[in-house]
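Enquirer: protein.txt is the file, holding compact mmCIF, C-alpha atoms:
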# COMPACT_ATOMS: atom_id res chain seq x y z
CA MET A 1 -25.15 19.38 25.90
CA ALA A 2 -23.09 16.80 24.00
CA ILE A 3 -19.31 17.05 24.08
CA GLN A 4 -18.09 18.48 20.78
CA LYS A 5 -15.46 16.63 18.81
CA ASP A 6 -14.15 16.37 15.26
CA LYS A 7 -13.24 13.19 13.40
CA LEU A 8 -10.72 12.88 10.62
CA THR A 9 -10.32 9.54 8.81
CA VAL A 10 -7.09 9.35 6.85
CA ARG A 11 -5.03 7.11 4.63
CA VAL A 12 -1.28 7.38 5.16
CA THR A 13 0.76 6.00 2.24
CA PHE A 14 4.47 5.55 2.83
CA PHE A 15 6.89 6.48 0.06
CA GLU A 16 9.89 5.32 2.11
CA GLU A 17 10.19 1.96 3.83
CA VAL A 18 9.03 1.75 7.46
CA LEU A 19 11.07 0.06 10.19
CA GLY A 20 9.67 -2.06 13.01
CA THR A 21 10.26 -0.92 16.58
CA CYS A 22 9.32 -3.85 18.85
CA ALA A 23 12.04 -5.91 20.48
CA ASN A 24 12.56 -9.47 19.33
CA ASP A 25 15.07 -12.19 20.14
CA PRO A 26 15.97 -14.17 17.00
CA GLU A 27 19.56 -14.79 15.92
CA ILE A 28 20.88 -11.73 14.08
CA HIS A 29 22.64 -12.22 10.75
CA ASP A 30 26.28 -13.19 11.19
CA ASN A 31 27.65 -11.44 8.10
CA PHE A 32 28.66 -8.30 10.04
CA ILE A 33 31.07 -10.27 12.22
CA ALA A 34 32.10 -12.58 9.38
CA HIS A 35 32.93 -9.63 7.13
CA ASN A 36 35.19 -8.06 9.74
CA ALA A 37 36.89 -11.27 10.91
CA PRO A 38 36.40 -13.87 8.16
CA ASP A 39 39.28 -16.14 9.25
CA ALA A 40 38.51 -16.36 12.96
CA PRO A 41 37.70 -19.98 13.92
CA SER A 42 35.04 -19.21 16.52
CA ARG A 43 32.47 -16.58 17.33
CA ALA A 44 34.35 -15.64 20.52
CA GLU A 45 37.52 -15.10 18.55
CA GLU A 46 35.62 -13.19 15.88
CA ILE A 47 34.32 -10.80 18.51
CA GLU A 48 37.77 -10.54 20.07
CA ALA A 49 39.26 -9.86 16.63
CA LEU A 50 36.92 -6.92 16.21
CA GLY A 51 38.14 -5.37 19.46
CA THR A 52 36.12 -3.90 22.28
CA GLY A 53 35.13 -0.91 20.17
CA GLU A 54 32.81 -2.86 17.90
CA VAL A 55 29.84 -4.90 19.07
CA ILE A 56 26.70 -6.36 17.57
CA GLU A 57 23.41 -5.33 19.06
CA ARG A 58 21.86 -8.77 19.42
CA GLY A 59 18.21 -9.01 18.56
CA MET A 60 16.04 -7.40 15.98
CA THR A 61 13.22 -4.89 16.04
CA VAL A 62 10.04 -6.19 14.45
CA PHE A 63 6.41 -5.30 13.86
CA PRO A 64 3.69 -6.65 16.12
CA ARG A 65 1.25 -8.94 14.29
CA MET A 66 -2.53 -9.03 14.11
CA GLU A 67 -4.49 -12.04 15.35
CA ASP A 68 -3.73 -13.90 12.10
CA LYS A 69 -0.06 -13.92 13.21
CA LEU A 70 0.90 -12.56 9.78
CA THR A 71 -0.30 -8.99 9.26
CA PRO A 72 2.00 -6.33 10.76
CA PHE A 73 0.43 -3.31 12.43
CA ILE A 74 1.10 0.00 14.20
CA TRP A 75 -0.21 0.73 17.70
CA ASP A 76 -2.38 3.81 18.23
CA TYR A 77 0.14 5.29 20.67
CA GLN A 78 2.79 5.24 17.93
CA ILE A 79 0.65 7.62 15.89
CA LYS A 80 0.33 9.89 18.92
CA GLY A 81 4.09 9.65 19.37
CA PHE A 82 4.48 10.89 15.80
CA PHE A 83 2.16 13.80 16.62
CA LYS A 84 4.28 14.77 19.64
CA ASP A 85 7.51 14.49 17.68
CA SER A 86 6.10 16.64 14.86
CA CYS A 87 4.67 19.25 17.19
CA SER A 88 7.98 19.51 19.04
CA ALA A 89 9.82 20.15 15.77
CA LEU A 90 7.28 22.60 14.36
CA ARG A 91 6.94 24.70 17.51
CA SER A 92 10.09 26.58 16.45
CA VAL A 93 8.69 27.35 12.98
CA GLN A 94 7.24 30.82 12.55
CA GLY A 95 3.59 30.83 11.46
CA SER A 96 2.93 27.20 12.37
CA GLU A 97 -0.20 26.11 14.22
CA SER A 98 2.05 24.03 16.48
CA LYS A 99 3.81 27.15 17.75
CA LYS A 100 0.54 28.32 19.32
CA ILE A 101 0.12 25.26 21.54
CA LYS A 102 1.43 25.43 25.09
CA ALA A 103 1.93 22.19 27.03
CA TYR A 104 1.46 20.32 23.74
CA LYS A 105 2.05 16.86 25.19
CA LYS A 106 -0.81 17.37 27.62
CA VAL A 107 -3.07 18.54 24.78
CA ILE A 108 -2.20 15.55 22.61
CA ASP A 109 -2.67 13.10 25.48
CA GLY A 110 -5.95 14.62 26.66
CA ASN A 111 -7.69 15.90 23.54
CA ILE A 112 -6.49 13.89 20.53
CA PHE A 113 -7.12 10.17 20.11
CA VAL A 114 -6.79 7.45 17.49
CA SER A 115 -9.93 5.33 17.33
CA GLU A 116 -8.29 2.06 16.33
CA ARG A 117 -6.07 0.33 18.86
CA LYS A 118 -4.28 -1.71 16.18
CA ILE A 119 -3.72 -0.23 12.71
CA PRO A 120 -2.78 -2.91 10.17
CA PHE A 121 -0.42 -2.24 7.28
CA GLN A 122 -2.07 -2.78 3.91
CA ASN A 123 -0.52 -3.50 0.51
CA TYR A 124 2.77 -4.33 2.22
CA GLY A 125 3.65 -7.29 0.01
CA ARG A 126 6.77 -8.85 1.47
CA ILE A 127 8.37 -8.11 4.84
CA GLY A 128 11.97 -7.02 4.37
CA ASP A 129 14.83 -6.10 6.67
CA CYS A 130 17.23 -3.23 7.17
CA GLN A 131 20.66 -3.46 8.76
CA ARG A 132 22.72 -0.37 9.52
CA PRO A 133 25.75 0.45 11.69
CA LEU A 134 25.26 2.76 14.66
CA ARG A 135 28.24 4.68 16.00
CA GLY A 136 28.53 6.02 19.53
CA GLN A 137 31.20 7.49 21.78
CA THR A 138 31.82 5.73 25.09
CA ALA A 139 34.46 5.90 27.81
CA GLN A 140 36.24 3.07 25.99
CA GLY A 141 36.24 4.97 22.70
CA GLU A 142 34.02 4.74 19.66
CA ARG A 143 31.74 1.72 19.50
CA ILE A 144 29.89 0.39 16.49
CA ALA A 145 26.68 -1.63 16.81
CA LEU A 146 24.71 -3.26 14.03
CA ALA A 147 21.02 -2.43 14.26
CA HIS A 148 18.63 -4.78 12.49
CA SER A 149 14.93 -4.18 11.81
CA GLU A 150 12.01 -5.63 9.91
CA THR A 151 10.66 -3.33 7.19
CA VAL A 152 7.57 -2.84 5.05
CA PRO A 153 8.21 -1.25 1.63
CA ALA A 154 7.24 2.00 -0.03
CA GLY A 155 3.64 1.79 -1.24
CA THR A 156 2.41 0.31 2.05
CA PHE A 157 -0.46 2.24 3.65
CA VAL A 158 -2.51 2.43 6.83
CA GLU A 159 -5.96 3.88 7.51
CA PHE A 160 -7.17 5.23 10.84
CA THR A 161 -9.51 7.78 12.43
CA ILE A 162 -8.32 10.70 14.55
CA VAL A 163 -10.73 12.11 17.12
CA CYS A 164 -10.16 15.67 18.34
CA TYR A 165 -12.14 16.90 21.34
CA LYS A 166 -12.92 20.59 20.92
CA HIS A 167 -10.34 22.75 22.65
CA GLU A 168 -11.22 26.18 24.00
CA LYS A 169 -8.06 27.76 22.55
CA TYR A 170 -6.70 25.64 19.69
CA ASP A 171 -7.96 24.45 16.30
CA LEU A 172 -6.89 20.85 16.77
CA PRO A 173 -8.02 19.47 13.37
CA ALA A 174 -5.88 22.15 11.71
CA VAL A 175 -2.83 21.31 13.77
CA VAL A 176 -3.28 17.56 13.21
CA LYS A 177 -3.30 18.21 9.45
CA GLU A 178 -0.13 20.25 9.88
CA TRP A 179 1.54 17.29 11.58
CA LEU A 180 0.39 14.91 8.87
CA ASP A 181 1.76 17.28 6.22
CA PHE A 182 5.08 17.22 8.08
CA GLY A 183 5.19 13.45 7.48
CA GLU A 184 6.41 14.20 3.96
CA MET A 185 9.62 15.54 5.50
CA ARG A 186 9.90 13.53 8.72
CA GLY A 187 8.56 10.02 8.86
CA MET A 188 7.32 7.87 11.70
CA LEU A 189 8.67 4.93 13.66
CA GLN A 190 12.33 3.99 13.72
CA TRP A 191 15.30 5.72 12.01
CA ARG A 192 13.11 8.57 10.80
CA ASN A 193 16.09 10.95 10.98
CA SER A 194 17.39 9.19 7.87
CA GLY A 195 14.08 9.67 6.04
CA LYS A 196 12.57 6.27 6.80
CA GLY A 197 8.81 6.16 7.23
CA ARG A 198 8.04 9.33 5.25
CA PHE A 199 4.55 9.49 3.79
CA HIS A 200 1.79 11.32 1.99
CA TRP A 201 -1.71 11.40 3.44
CA GLU A 202 -5.27 12.00 2.29
CA GLU A 203 -8.65 12.28 3.94
CA ILE A 204 -10.99 9.39 3.13
When written as structure tokens, how does the structure in this file appear?
Expert:
Amino acid sequence: MAIQKDKLTVRVTFFEEVLGTCANDPEIHDNFIAHNAPDAPSRAEEIEALGTGEVIERGMTVFPRMEDKLTPFIWDYQIKGFFKDSCSALRSVQGSESKKIKAYKKVIDGNIFVSERKIPFQNYGRIGDCQRPLRGQTAQGERIALAHSETVPAGTFVEFTIVCYKHEKYDLPAVVKEWLDFGEMRGMLQWRNSGKGRFHWEEI
């Protein structure tokens, strides 16, 4: 007897920009320091002028690139990460399919897969960037870091196939659709708490 599974091929179209998540090591823009200490004669003095409470997070988060070295893409595990994040949030919602699933991370890891390893962005036009201050409390007081990420704009889309192995207790295609619907409220990838990476989806 063949193993039973369902396939769902979808197009996810982002209506908010999406931020890259992979570490990179280029020089970050200097305008954050320059704005705060425009008259300091050296970088060391600029940093000193800002005080120990404000630092720049050196580096930039970027998108991985396809073999052409140009086209940005999402890894399959990032889609599964979105599923786990969505299921975690929706488990507290009365009437949700997600609420029914016990040990949801194990179910997602063992029964739900994305066919494509690399999922290229399409219709992304021009790669942009997003800089934003991050505040955090430390033993030395409040610290401010400047986070810097590559972005692809609203209107960008990706297409991929989700494979659900039949589960004895749960309707996995239904719960996957619930998670995708949740993408309208909570996006994927970085800084999604601010609304970045939100999307609509359709079956294709």
Enquirer: Pick out the closest residue to Ile119 (chain A) from this set: A:Phe63, A:Phe83, A:Tyr165, A:Tyr104. Count all atoms listed in the file.
Expert: A:Phe63
Enquirer: Applying 7 Å and all atoms listed in the file, which residues near region 148-160 of chain A remain after dropping the ones on its own chain fewer than 2 positions away? List them as an MDAnalysis selection string.
Expert: chainID A and resid 9:20 60:63 116 119:124 127:132 146 162
Enquirer: I'd like the neighbourhood of region 178-186 of chain A as a compact mmCIF listing (two decimals) with C-alpha atoms, in the frame of the given file, where a residue qualifies if any of its atoms comes within 7 Å (using all atoms listed in the file), though same-chain residues fewer than 5 positions away should be ignored.
Expert:
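That gives us result-v9.txt:
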# COMPACT_ATOMS: atom_id res chain seq x y z
CA PHE A 83 2.16 13.80 16.62
CA SER A 86 6.10 16.64 14.86
CA CYS A 87 4.67 19.25 17.19
CA ARG A 192 13.11 8.57 10.80
CA GLY A 195 14.08 9.67 6.04
CA ARG A 198 8.04 9.33 5.25
CA PHE A 199 4.55 9.49 3.79
CA HIS A 200 1.79 11.32 1.99
CA TRP A 201 -1.71 11.40 3.44
Enquirer: What is the distance between CA of Val163 (chain A) and CA of Ile112 (chain A), in Å to one decimal?
Expert: 5.7 Å
Enquirer: Given the choices A:Lys169, A:Lys69, A:Arg117, A:Arg143, which gets closest to Lys102 (chain A) if the distance is worked out from all atoms listed in the file?
Expert: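 That would be A:Lys169, the residue with the smallest distance to Lys102 (chain A).
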Enquirer: From the structure block, carefully write region 184-195 of chain A out with N, CA, C and O atoms; format it as a JSON list (two decimals), in the first residue's frame.
Expert:
[["chain", "number", "residue", "atom", "x", "y", "z"],
["A", 184, "GLU", "N", -1.35, 36.92, 6.30],
["A", 184, "GLU", "CA", -1.90, 38.26, 6.05],
["A", 184, "GLU", "C", -1.72, 39.16, 7.26],
["A", 184, "GLU", "O", -1.64, 40.37, 7.15],
["A", 185, "MET", "N", -1.66, 38.54, 8.45],
["A", 185, "MET", "CA", -1.50, 39.28, 9.69],
["A", 185, "MET", "C", -0.05, 39.28, 10.19],
["A", 185, "MET", "O", 0.44, 40.28, 10.70],
["A", 186, "ARG", "N", 0.60, 38.14, 10.04],
["A", 186, "ARG", "CA", 1.97, 37.98, 10.55],
["A", 186, "ARG", "C", 2.83, 37.43, 9.43],
["A", 186, "ARG", "O", 2.61, 36.32, 8.94],
["A", 187, "GLY", "N", 3.82, 38.20, 9.04],
["A", 187, "GLY", "CA", 4.63, 37.82, 7.89],
["A", 187, "GLY", "C", 5.70, 36.79, 8.22],
["A", 187, "GLY", "O", 5.72, 36.19, 9.29],
["A", 188, "MET", "N", 6.60, 36.62, 7.27],
["A", 188, "MET", "CA", 7.70, 35.68, 7.47],
["A", 188, "MET", "C", 9.04, 36.39, 7.35],
["A", 188, "MET", "O", 9.13, 37.51, 6.86],
["A", 189, "LEU", "N", 10.05, 35.72, 7.79],
["A", 189, "LEU", "CA", 11.43, 36.19, 7.85],
["A", 189, "LEU", "C", 11.57, 37.30, 8.89],
["A", 189, "LEU", "O", 10.80, 37.38, 9.84],
["A", 190, "GLN", "N", 12.52, 38.19, 8.72],
["A", 190, "GLN", "CA", 12.94, 39.07, 9.79],
["A", 190, "GLN", "C", 11.99, 40.26, 10.00],
["A", 190, "GLN", "O", 11.38, 40.75, 9.06],
["A", 191, "TRP", "N", 11.93, 40.71, 11.27],
["A", 191, "TRP", "CA", 11.16, 41.88, 11.72],
["A", 191, "TRP", "C", 9.68, 41.74, 11.39],
["A", 191, "TRP", "O", 8.99, 42.70, 11.10],
["A", 192, "ARG", "N", 9.17, 40.52, 11.46],
["A", 192, "ARG", "CA", 7.76, 40.30, 11.14],
["A", 192, "ARG", "C", 6.83, 40.88, 12.20],
["A", 192, "ARG", "O", 5.66, 41.13, 11.93],
["A", 193, "ASN", "N", 7.35, 41.12, 13.43],
["A", 193, "ASN", "CA", 6.51, 41.75, 14.45],
["A", 193, "ASN", "C", 6.08, 43.14, 14.05],
["A", 193, "ASN", "O", 5.07, 43.65, 14.55],
["A", 194, "SER", "N", 6.82, 43.78, 13.15],
["A", 194, "SER", "CA", 6.46, 45.12, 12.69],
["A", 194, "SER", "C", 5.55, 45.07, 11.47],
["A", 194, "SER", "O", 5.13, 46.11, 10.96],
["A", 195, "GLY", "N", 5.25, 43.86, 10.98],
["A", 195, "GLY", "CA", 4.41, 43.73, 9.80],
["A", 195, "GLY", "C", 5.18, 43.42, 8.53],
["A", 195, "GLY", "O", 4.58, 43.23, 7.47]]
